[in-house]
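Below is final.csv, holding CSV, C-alpha atoms and all ligand atoms.
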chain,number,residue,atom,x,y,z
A,2,MET,CA,0.0,0.0,0.0
A,3,GLY,CA,1.3,3.5,-0.9
A,4,ILE,CA,1.8,6.2,1.7
A,5,LEU,CA,-0.9,8.4,0.0
A,6,GLU,CA,-3.5,5.6,-0.5
A,7,GLY,CA,-7.0,7.2,-0.9
A,8,LYS,CA,-5.8,10.8,-0.6
A,9,LYS,CA,-7.0,13.5,-2.9
A,10,ILE,CA,-4.3,16.1,-3.8
A,11,LEU,CA,-4.2,19.3,-5.8
A,12,VAL,CA,-0.8,19.8,-7.4
A,13,ALA,CA,-0.4,23.4,-8.7
A,14,GLY,CA,2.5,24.2,-11.0
A,15,VAL,CA,3.1,21.4,-13.5
A,16,LEU,CA,4.6,23.1,-16.6
A,17,THR,CA,7.0,20.6,-18.1
A,18,GLU,CA,8.3,17.1,-17.3
A,19,ALA,CA,11.2,18.8,-15.6
A,20,SER,CA,8.8,20.6,-13.1
A,21,ILE,CA,9.2,19.7,-9.5
A,22,ALA,CA,5.4,19.5,-9.5
A,23,PHE,CA,5.5,16.8,-12.2
A,24,ALA,CA,7.7,14.5,-10.2
A,25,THR,CA,5.5,15.2,-7.2
A,26,ALA,CA,2.3,14.3,-9.1
A,27,ARG,CA,3.8,11.1,-10.5
A,28,ILE,CA,5.1,9.9,-7.2
A,29,ALA,CA,1.8,10.9,-5.5
A,30,GLN,CA,-0.1,8.7,-8.0
A,31,GLU,CA,2.3,5.9,-7.6
A,32,GLN,CA,1.7,6.1,-3.8
A,33,GLY,CA,-2.1,5.8,-4.3
A,34,ALA,CA,-3.3,9.4,-4.5
A,35,THR,CA,-5.9,10.9,-6.8
A,36,VAL,CA,-4.3,14.0,-8.3
A,37,VAL,CA,-5.8,17.1,-9.8
A,38,LEU,CA,-3.4,19.6,-11.5
A,39,SER,CA,-3.7,23.3,-12.0
A,40,ASN,CA,-2.0,26.0,-14.1
A,41,PHE,CA,-2.8,29.1,-16.1
A,42,GLY,CA,-2.6,31.0,-19.4
A,43,ARG,CA,-0.2,29.4,-21.9
A,44,ALA,CA,1.0,27.0,-19.2
A,45,LEU,CA,-2.5,25.6,-18.9
A,46,SER,CA,-2.4,23.9,-22.3
A,47,LEU,CA,1.2,22.7,-21.6
A,48,CYS,CA,0.0,21.3,-18.3
A,49,GLN,CA,-2.9,19.5,-20.0
A,50,ARG,CA,-0.5,17.9,-22.5
A,51,ILE,CA,1.9,16.8,-19.7
A,52,ALA,CA,-1.0,15.5,-17.6
A,53,LYS,CA,-1.3,12.6,-20.1
A,54,ARG,CA,2.3,11.5,-19.3
A,55,LEU,CA,1.4,10.7,-15.7
A,56,PRO,CA,0.7,7.1,-14.7
A,57,GLN,CA,-3.0,8.1,-14.8
A,58,GLU,CA,-4.1,11.1,-16.8
A,59,ALA,CA,-5.0,13.8,-14.2
A,60,PRO,CA,-7.7,16.4,-14.7
A,61,VAL,CA,-6.5,20.0,-15.0
A,62,VAL,CA,-8.2,23.1,-13.6
A,63,GLU,CA,-7.4,26.7,-14.5
A,64,LEU,CA,-5.7,28.7,-11.7
A,65,ASP,CA,-3.8,32.0,-12.0
A,66,VAL,CA,-3.0,33.0,-8.4
A,67,THR,CA,-3.2,36.7,-9.4
A,68,ASN,CA,-6.9,36.2,-10.5
A,69,THR,CA,-9.3,36.7,-7.6
A,70,GLU,CA,-12.2,35.0,-9.6
A,71,HIS,CA,-10.0,31.9,-10.2
A,72,LEU,CA,-9.3,31.7,-6.5
A,73,SER,CA,-12.9,32.3,-5.4
A,74,THR,CA,-14.3,29.7,-7.7
A,75,LEU,CA,-11.5,27.1,-7.3
A,76,ALA,CA,-13.2,24.9,-4.6
A,77,ASP,CA,-16.4,24.6,-6.7
A,78,ARG,CA,-14.4,23.8,-9.8
A,79,LEU,CA,-12.3,21.2,-7.9
A,80,ARG,CA,-15.6,19.6,-6.7
A,81,GLU,CA,-16.2,18.5,-10.3
A,82,HIS,CA,-13.3,16.1,-9.9
A,83,VAL,CA,-12.9,15.3,-6.1
A,84,ASP,CA,-15.3,15.5,-3.1
A,85,GLY,CA,-12.6,16.9,-0.8
A,86,LEU,CA,-8.9,17.5,-0.5
A,87,ASP,CA,-6.3,15.9,1.8
A,88,GLY,CA,-3.4,17.8,0.4
A,89,VAL,CA,-2.3,20.8,-1.7
A,90,VAL,CA,1.1,21.3,-3.4
A,91,HIS,CA,2.1,24.9,-4.1
A,92,SER,CA,4.8,24.6,-6.7
A,93,ILE,CA,4.5,28.1,-8.0
A,94,GLY,CA,7.0,30.8,-8.4
A,95,PHE,CA,7.6,33.8,-10.6
A,96,ALA,CA,9.5,37.1,-10.6
A,97,PRO,CA,9.8,39.5,-13.6
A,98,GLN,CA,13.3,39.6,-15.2
A,99,GLU,CA,13.5,43.2,-13.9
A,100,ALA,CA,13.4,41.9,-10.3
A,101,MET,CA,16.3,39.5,-10.7
A,102,GLY,CA,20.0,39.7,-11.6
A,103,GLU,CA,22.1,42.3,-9.9
A,104,GLY,CA,20.9,45.9,-9.0
A,105,PHE,CA,18.7,44.8,-6.1
A,106,PRO,CA,18.1,48.3,-4.6
A,107,GLU,CA,17.1,49.7,-8.0
A,108,VAL,CA,14.2,47.4,-8.6
A,109,ALA,CA,10.8,49.2,-8.9
A,110,TRP,CA,8.0,48.2,-6.5
A,111,GLU,CA,5.7,46.9,-9.3
A,112,HIS,CA,8.3,44.2,-10.2
A,113,ALA,CA,9.0,43.2,-6.6
A,114,ALA,CA,5.2,43.3,-5.9
A,115,THR,CA,4.6,40.7,-8.7
A,116,ALA,CA,7.3,38.4,-7.2
A,117,PHE,CA,5.6,38.7,-3.7
A,118,GLN,CA,2.1,38.2,-5.0
A,119,VAL,CA,2.8,35.1,-7.2
A,120,SER,CA,5.6,33.5,-5.1
A,121,SER,CA,4.7,34.3,-1.4
A,122,TRP,CA,1.1,35.6,-0.9
A,123,SER,CA,-0.3,32.9,-3.1
A,124,LEU,CA,0.6,30.2,-0.6
A,125,ALA,CA,-2.0,31.8,1.7
A,126,SER,CA,-4.5,32.6,-1.0
A,127,LEU,CA,-4.3,29.1,-2.5
A,128,THR,CA,-4.6,27.5,1.0
A,129,GLN,CA,-7.6,29.7,1.7
A,130,ALA,CA,-9.2,28.8,-1.6
A,131,CYS,CA,-8.9,25.1,-0.8
A,132,ARG,CA,-10.0,25.4,2.8
A,133,PRO,CA,-13.7,24.5,2.2
A,134,LEU,CA,-12.5,21.1,0.8
A,135,PHE,CA,-10.4,20.1,3.8
A,136,GLY,CA,-11.6,17.5,6.2
A,137,ASP,CA,-10.4,16.8,9.8
A,138,THR,CA,-6.8,16.9,8.6
A,139,ALA,CA,-4.9,18.3,5.5
A,140,SER,CA,-1.4,18.9,4.4
A,141,VAL,CA,-0.2,21.9,2.4
A,142,VAL,CA,3.4,21.8,1.0
A,143,GLY,CA,5.3,24.5,-0.9
A,144,LEU,CA,8.7,24.8,-2.4
A,145,THR,CA,11.4,27.2,-1.4
A,146,PHE,CA,15.0,28.0,-2.2
A,147,ASP,CA,16.8,28.5,1.2
A,148,ALA,CA,16.0,32.1,2.0
A,149,THR,CA,18.1,32.4,5.2
A,150,VAL,CA,21.0,33.8,3.1
A,151,ALA,CA,21.4,36.2,0.1
A,152,TRP,CA,22.3,34.6,-3.2
A,153,PRO,CA,23.8,36.1,-6.3
A,154,VAL,CA,21.4,37.0,-9.1
A,155,TYR,CA,18.2,35.7,-7.3
A,156,GLY,CA,17.3,39.2,-6.3
A,157,TRP,CA,13.7,39.9,-5.2
A,158,MET,CA,12.8,36.2,-5.8
A,159,GLY,CA,15.0,35.6,-2.8
A,160,ALA,CA,13.2,38.2,-0.7
A,161,ALA,CA,9.9,36.7,-1.9
A,162,LYS,CA,11.1,33.2,-0.8
A,163,ALA,CA,11.9,34.7,2.6
A,164,ALA,CA,8.3,35.9,2.7
A,165,LEU,CA,7.0,32.5,1.6
A,166,GLU,CA,8.9,30.9,4.4
A,167,SER,CA,7.4,33.3,6.9
A,168,THR,CA,3.9,32.9,5.3
A,169,SER,CA,4.1,29.1,5.8
A,170,ARG,CA,4.8,29.6,9.5
A,171,TYR,CA,1.8,32.0,9.9
A,172,LEU,CA,-0.5,29.6,8.1
A,173,ALA,CA,0.8,26.7,10.3
A,174,ARG,CA,0.1,28.8,13.4
A,175,GLU,CA,-3.4,29.7,12.4
A,176,LEU,CA,-4.6,26.5,10.7
A,177,GLY,CA,-3.0,24.0,13.1
A,178,PRO,CA,-6.0,23.9,15.3
A,179,GLU,CA,-8.1,22.9,12.2
A,180,GLY,CA,-5.7,20.0,11.6
A,181,VAL,CA,-4.0,21.7,8.7
A,182,ARG,CA,-0.2,21.2,8.5
A,183,VAL,CA,1.8,23.6,6.4
A,184,ASN,CA,5.4,22.8,5.4
A,185,LEU,CA,8.0,23.6,2.8
A,186,VAL,CA,10.7,21.7,1.0
A,187,ALA,CA,13.9,23.7,0.3
A,188,ALA,CA,15.2,22.2,-2.9
A,189,GLY,CA,18.6,22.6,-4.4
A,190,PRO,CA,19.0,24.0,-7.9
A,191,LEU,CA,17.0,22.1,-10.6
A,192,ARG,CA,17.0,22.8,-14.3
A,193,THR,CA,13.3,23.7,-14.6
A,194,MET,CA,11.7,26.5,-16.6
A,195,ALA,CA,11.6,28.7,-13.5
A,196,MET,CA,15.4,28.2,-12.8
A,197,LYS,CA,16.4,28.7,-16.4
A,198,SER,CA,14.6,32.0,-16.5
A,199,ILE,CA,17.1,33.4,-13.9
A,200,PRO,CA,20.1,35.0,-15.6
A,201,GLY,CA,23.3,33.5,-14.2
A,202,SER,CA,21.7,30.6,-12.4
A,203,ALA,CA,24.5,28.4,-13.5
A,204,GLN,CA,26.5,29.7,-10.5
A,205,PHE,CA,24.2,27.7,-8.3
A,206,GLU,CA,24.9,24.5,-10.2
A,207,GLU,CA,28.6,25.0,-9.9
A,208,ALA,CA,28.4,25.7,-6.1
A,209,TRP,CA,26.3,22.6,-5.5
A,210,GLU,CA,28.7,20.5,-7.6
A,211,THR,CA,31.6,21.2,-5.3
A,212,ARG,CA,29.9,21.6,-1.9
A,213,ALA,CA,26.9,19.2,-1.5
A,214,PRO,CA,28.1,16.4,0.8
A,215,LEU,CA,25.7,13.8,-0.9
A,216,GLY,CA,26.3,15.2,-4.4
A,217,TRP,CA,23.5,16.8,-6.4
A,218,SER,CA,21.9,16.3,-9.8
A,219,VAL,CA,20.3,19.4,-11.3
A,220,THR,CA,18.1,17.2,-13.5
A,221,ASP,CA,16.7,14.9,-10.8
A,222,THR,CA,13.5,16.2,-9.3
A,223,GLU,CA,12.7,12.9,-7.7
A,224,PRO,CA,14.2,13.6,-4.3
A,225,SER,CA,12.2,16.8,-4.0
A,226,GLY,CA,9.0,15.1,-5.2
A,227,LYS,CA,9.5,12.3,-2.7
A,228,ALA,CA,10.0,14.7,0.2
A,229,VAL,CA,6.8,16.6,-0.8
A,230,CYS,CA,4.9,13.4,-0.9
A,231,ALA,CA,6.3,12.3,2.5
A,232,LEU,CA,5.1,15.6,4.0
A,233,LEU,CA,1.6,15.1,2.3
A,234,SER,CA,1.4,11.7,3.9
A,235,ASP,CA,0.4,10.6,7.5
A,236,TRP,CA,4.1,10.0,8.3
A,237,PHE,CA,4.6,13.6,9.5
A,238,PRO,CA,1.5,14.0,11.7
A,239,ALA,CA,3.2,16.3,14.3
A,240,THR,CA,5.2,18.5,11.9
A,241,THR,CA,4.1,21.9,10.7
A,242,GLY,CA,5.8,25.2,10.0
A,243,GLU,CA,8.9,23.2,9.0
A,244,ILE,CA,11.3,23.5,6.2
A,245,VAL,CA,12.9,20.2,5.0
A,246,HIS,CA,16.1,20.7,3.0
A,247,VAL,CA,16.4,18.5,-0.1
A,248,ASP,CA,19.7,19.9,-1.3
A,249,GLY,CA,22.3,17.1,-0.9
A,250,GLY,CA,23.2,18.6,2.5
A,251,PHE,CA,24.5,21.9,0.9
A,252,HIS,CA,22.8,24.1,3.6
A,253,ALA,CA,24.7,22.2,6.4
A,254,VAL,CA,28.3,23.0,5.3
A,255,GLY,CA,30.4,26.1,5.0
A,256,VAL,CA,32.8,25.6,2.2
A,301,LIG,N1,14.2,24.9,-9.9
A,301,LIG,C1,14.8,25.1,-8.8
A,301,LIG,O1,16.1,25.2,-8.8
A,301,LIG,C2,14.1,25.4,-7.5
A,301,LIG,C3,14.7,25.3,-6.3
A,301,LIG,C4,14.0,25.5,-5.1
A,301,LIG,C5,12.7,25.8,-5.2
A,301,LIG,N2,12.1,25.9,-6.4
A,301,LIG,C6,10.7,26.3,-6.4
A,301,LIG,O2,9.9,25.2,-6.9
A,301,LIG,C7,8.6,25.7,-7.4
A,301,LIG,C8,8.3,25.1,-8.7
A,301,LIG,O3,9.2,25.6,-9.7
A,301,LIG,P1,10.0,24.7,-10.7
A,301,LIG,O4,11.4,24.9,-10.5
A,301,LIG,O5,9.4,23.3,-10.7
A,301,LIG,O6,9.7,25.4,-12.1
A,301,LIG,P2,8.5,25.4,-13.1
A,301,LIG,O7,8.7,26.5,-14.1
A,301,LIG,O8,8.3,24.0,-13.7
A,301,LIG,O9,7.2,25.7,-12.2
A,301,LIG,C9,6.8,27.0,-11.8
A,301,LIG,C10,5.3,27.0,-12.0
A,301,LIG,O10,4.7,28.2,-11.5
A,301,LIG,C11,3.6,28.5,-12.3
A,301,LIG,N3,3.1,29.9,-12.2
A,301,LIG,C12,3.8,31.0,-12.4
A,301,LIG,N4,3.0,32.1,-12.2
A,301,LIG,C13,1.8,31.6,-11.9
A,301,LIG,C14,0.5,32.2,-11.6
A,301,LIG,N5,0.4,33.5,-11.6
A,301,LIG,N6,-0.5,31.4,-11.2
A,301,LIG,C15,-0.3,30.0,-11.2
A,301,LIG,N7,0.8,29.4,-11.5
A,301,LIG,C16,1.9,30.2,-11.8
A,301,LIG,C17,4.1,28.2,-13.7
A,301,LIG,O11,3.1,28.1,-14.7
A,301,LIG,C18,4.9,26.9,-13.5
A,301,LIG,O12,4.0,25.8,-13.6
A,301,LIG,C19,8.8,27.2,-7.4
A,301,LIG,O13,8.2,27.7,-6.2
A,301,LIG,C20,10.3,27.4,-7.4
A,301,LIG,O14,10.7,28.7,-6.9
A,301,LIG,C21,12.7,25.7,-7.6
Could you render the structure as structure tokens?
Amino acid sequence: MGILEGKKILVAGVLTEASIAFATARIAQEQGATVVLSNFGRALSLCQRIAKRLPQEAPVVELDVTNTEHLSTLADRLREHVDGLDGVVHSIGFAPQEAMGEGFPEVAWEHAATAFQVSSWSLASLTQACRPLFGDTASVVGLTFDATVAWPVYGWMGAAKAALESTSRYLARELGPEGVRVNLVAAGPLRTMAMKSIPGSAQFEEAWETRAPLGWSVTDTEPSGKAVCALLSDWFPATTGEIVHVDGGFHAVGV
């Protein structure tokens, strides 16, 4: 029996087969879950195409986290596919090019604001949108890139990740009494569309190559997907507001 047997899970953010969300959705199905996917705009049709490559084709609902109507109607649209939710995966991140690279103090608010809305605030708004579908317990899992330090070229995406990490703790605090756990996986660098859009992100790959004690593959999303599925499962019943590093041990060493 799989660790997610009988669970119903929304996985937001499948764009390509390289997406962390794709590995998560695949492993979740292999572990017995019923999975619904979401994405938006041009990514929606890509997501629909990729949904066919899962062990079982998953239904796809439209969700742009900047669209209030999408959020307010999400629960009803999900009810067309599932009668409740046991888990939500927030695998969403975006910052405009202007908000990344060097020149951090020069970035205009509108660009930073987009990064915060899509990459941080949306963990709360997505959780709130799914709340009517939760039963006695539920698990919300998001993805971060360790925001305890400042990175080269990551810019306002890094500040947005710090806000995401704080947001997950506030959600954990307020929703814990309802049986909702909220945790993050801090993944090392992976060659997804989101990472490739960051100018100069090859620097991360080089750093991980020499420093990660366990070694690190920038094309292997399986360790991150497995960790997300573990946090969705009943095997972390007393864990919330936590950040699990899936980075080959990079965060634990100096040089
Ligand atoms: N790739 C890495 O190195 C890495 C490392 C640590 C954490 N992460 C995080 O993992 C998560 C998933 O990213 P990924 O690397 O798999 O890349 P990805 O490009 O495959 O996924 C990002 C997803 O965000 C979605 N998205 C963007 N704007 C949206 C919006 N307004 N509404 C709804 N969805 C929107 C995109 O359509 C896409 O599906 C992100 O939070 C990312 O920051 C990535």
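If all atoms listed in the file are the atoms counted, then among A:Thr17, A:Thr25, A:Ser167, A:Gln57 the closest residue to Ala44 (chain A) is A:Thr17.
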TODO: May I have the residues within 6 Å of ligand LIG 301 (chain A), computed using all atoms listed in the file, as a VMD selection string?
DONE: chain A and resid 14 to 17 20 to 22 40 to 41 44 64 to 67 92 to 95 119 144 to 146 187 to 196
Residues just named, written with C-alpha atoms as a compact mmCIF listing (two decimals), in the coordinates of the input:
# COMPACT_ATOMS: atom_id res chain seq x y z
CA GLY A 14 2.50 24.20 -11.00
CA VAL A 15 3.10 21.40 -13.50
CA LEU A 16 4.60 23.10 -16.60
CA THR A 17 7.00 20.60 -18.10
CA SER A 20 8.80 20.60 -13.10
CA ILE A 21 9.20 19.70 -9.50
CA ALA A 22 5.40 19.50 -9.50
CA ASN A 40 -2.00 26.00 -14.10
CA PHE A 41 -2.80 29.10 -16.10
CA ALA A 44 1.00 27.00 -19.20
CA LEU A 64 -5.70 28.70 -11.70
CA ASP A 65 -3.80 32.00 -12.00
CA VAL A 66 -3.00 33.00 -8.40
CA THR A 67 -3.20 36.70 -9.40
CA SER A 92 4.80 24.60 -6.70
CA ILE A 93 4.50 28.10 -8.00
CA GLY A 94 7.00 30.80 -8.40
CA PHE A 95 7.60 33.80 -10.60
CA VAL A 119 2.80 35.10 -7.20
CA LEU A 144 8.70 24.80 -2.40
CA THR A 145 11.40 27.20 -1.40
CA PHE A 146 15.00 28.00 -2.20
CA ALA A 187 13.90 23.70 0.30
CA ALA A 188 15.20 22.20 -2.90
CA GLY A 189 18.60 22.60 -4.40
CA PRO A 190 19.00 24.00 -7.90
CA LEU A 191 17.00 22.10 -10.60
CA ARG A 192 17.00 22.80 -14.30
CA THR A 193 13.30 23.70 -14.60
CA MET A 194 11.70 26.50 -16.60
CA ALA A 195 11.60 28.70 -13.50
CA MET A 196 15.40 28.20 -12.80
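Atom to atom, CA of His82 (chain A) and CA of Arg27 (chain A) stand 17.8 Å apart.
You can rank A:Trp152, A:Thr128, A:Ser123, A:Pro178 by their closest distance to Ala164 (chain A) using only C-alpha atoms, and at the top of that list sits A:Ser123.
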TODO: Could you jot down the CA of Ala173 (chain A) to CA of Lys227 (chain A) separation for me, Å, one decimal place?
DONE: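 Going from CA of Ala173 (chain A) over to CA of Lys227 (chain A) covers 21.3 Å.
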TODO: Compare A:Thr222, A:Gln98, A:Ser120, A:Gln129 by their minimum atom-to-atom distance to Lys197 (chain A), counting all atoms listed in the file, and give me the closest one.
DONE: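 Nearest to Lys197 (chain A): A:Gln98.
Restricting the calculation to all atoms listed in the file, the smallest distance between Gly177 (chain A) and any of A:Glu223, A:Asp137, A:Glu111, A:Glu70 is found for A:Asp137.
When all atoms listed in the file are used to compute distances to Val245 (chain A), the closest of the residues A:Thr168, A:Asn184, A:Gln204, A:Gln32 turns out to be A:Asn184.
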Task: Residues within 9 Å of (-11.3, 31.7, -5.8), file coords, all atoms listed in the file, listed as JSON, numbers by chain - done: {"A": [64, 66, 68, 69, 70, 71, 72, 73, 74, 75, 76, 77, 126, 127, 129, 130, 131]}
For the residues in that selection, give me C-alpha atoms as a short mmCIF file (atom, residue, chain, number, x, y, z; two decimals), in the coordinates of the input.
data_model
loop_
_atom_site.label_atom_id
_atom_site.label_comp_id
_atom_site.auth_asym_id
_atom_site.auth_seq_id
_atom_site.Cartn_x
_atom_site.Cartn_y
_atom_site.Cartn_z
CA LEU A 64 -5.70 28.70 -11.70
CA VAL A 66 -3.00 33.00 -8.40
CA ASN A 68 -6.90 36.20 -10.50
CA THR A 69 -9.30 36.70 -7.60
CA GLU A 70 -12.20 35.00 -9.60
CA HIS A 71 -10.00 31.90 -10.20
CA LEU A 72 -9.30 31.70 -6.50
CA SER A 73 -12.90 32.30 -5.40
CA THR A 74 -14.30 29.70 -7.70
CA LEU A 75 -11.50 27.10 -7.30
CA ALA A 76 -13.20 24.90 -4.60
CA ASP A 77 -16.40 24.60 -6.70
CA SER A 126 -4.50 32.60 -1.00
CA LEU A 127 -4.30 29.10 -2.50
CA GLN A 129 -7.60 29.70 1.70
CA ALA A 130 -9.20 28.80 -1.60
CA CYS A 131 -8.90 25.10 -0.80
#
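Taking CA of Phe117 (chain A) as the reference point, CA of Pro133 (chain A) is found at 24.7 Å.
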Open item on the list: Let me make sure I understand: among A:Phe205, A:Tyr155, A:Phe237, A:Phe23, which one has the smallest atom-to-atom distance to Val141 (chain A) if we use all atoms listed in the file?
Closed with: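 Closest residue, counting all atoms listed in the file: A:Phe237.
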- [ ] List every protein, DNA or RNA residue that has an atom no more than 8 Å from (21.2, 34.3, -13.9) in the file's coordinate frame, counting all atoms listed in the file, and report them as a ChimeraX atom specification.
- [x] /A:101-102,154-155,197-204
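Once Ser169 (chain A) and its same-chain neighbours fewer than 3 positions away are set aside, Ser121, Leu124, Ala125, Val142, Gly143, Ala164, Leu165, Glu166, Leu172, Ala173, Arg174, Val183, Asn184, Leu185, Thr241, Gly242 and Glu243 of chain A remain within 9 Å of it when counting only C-alpha atoms.
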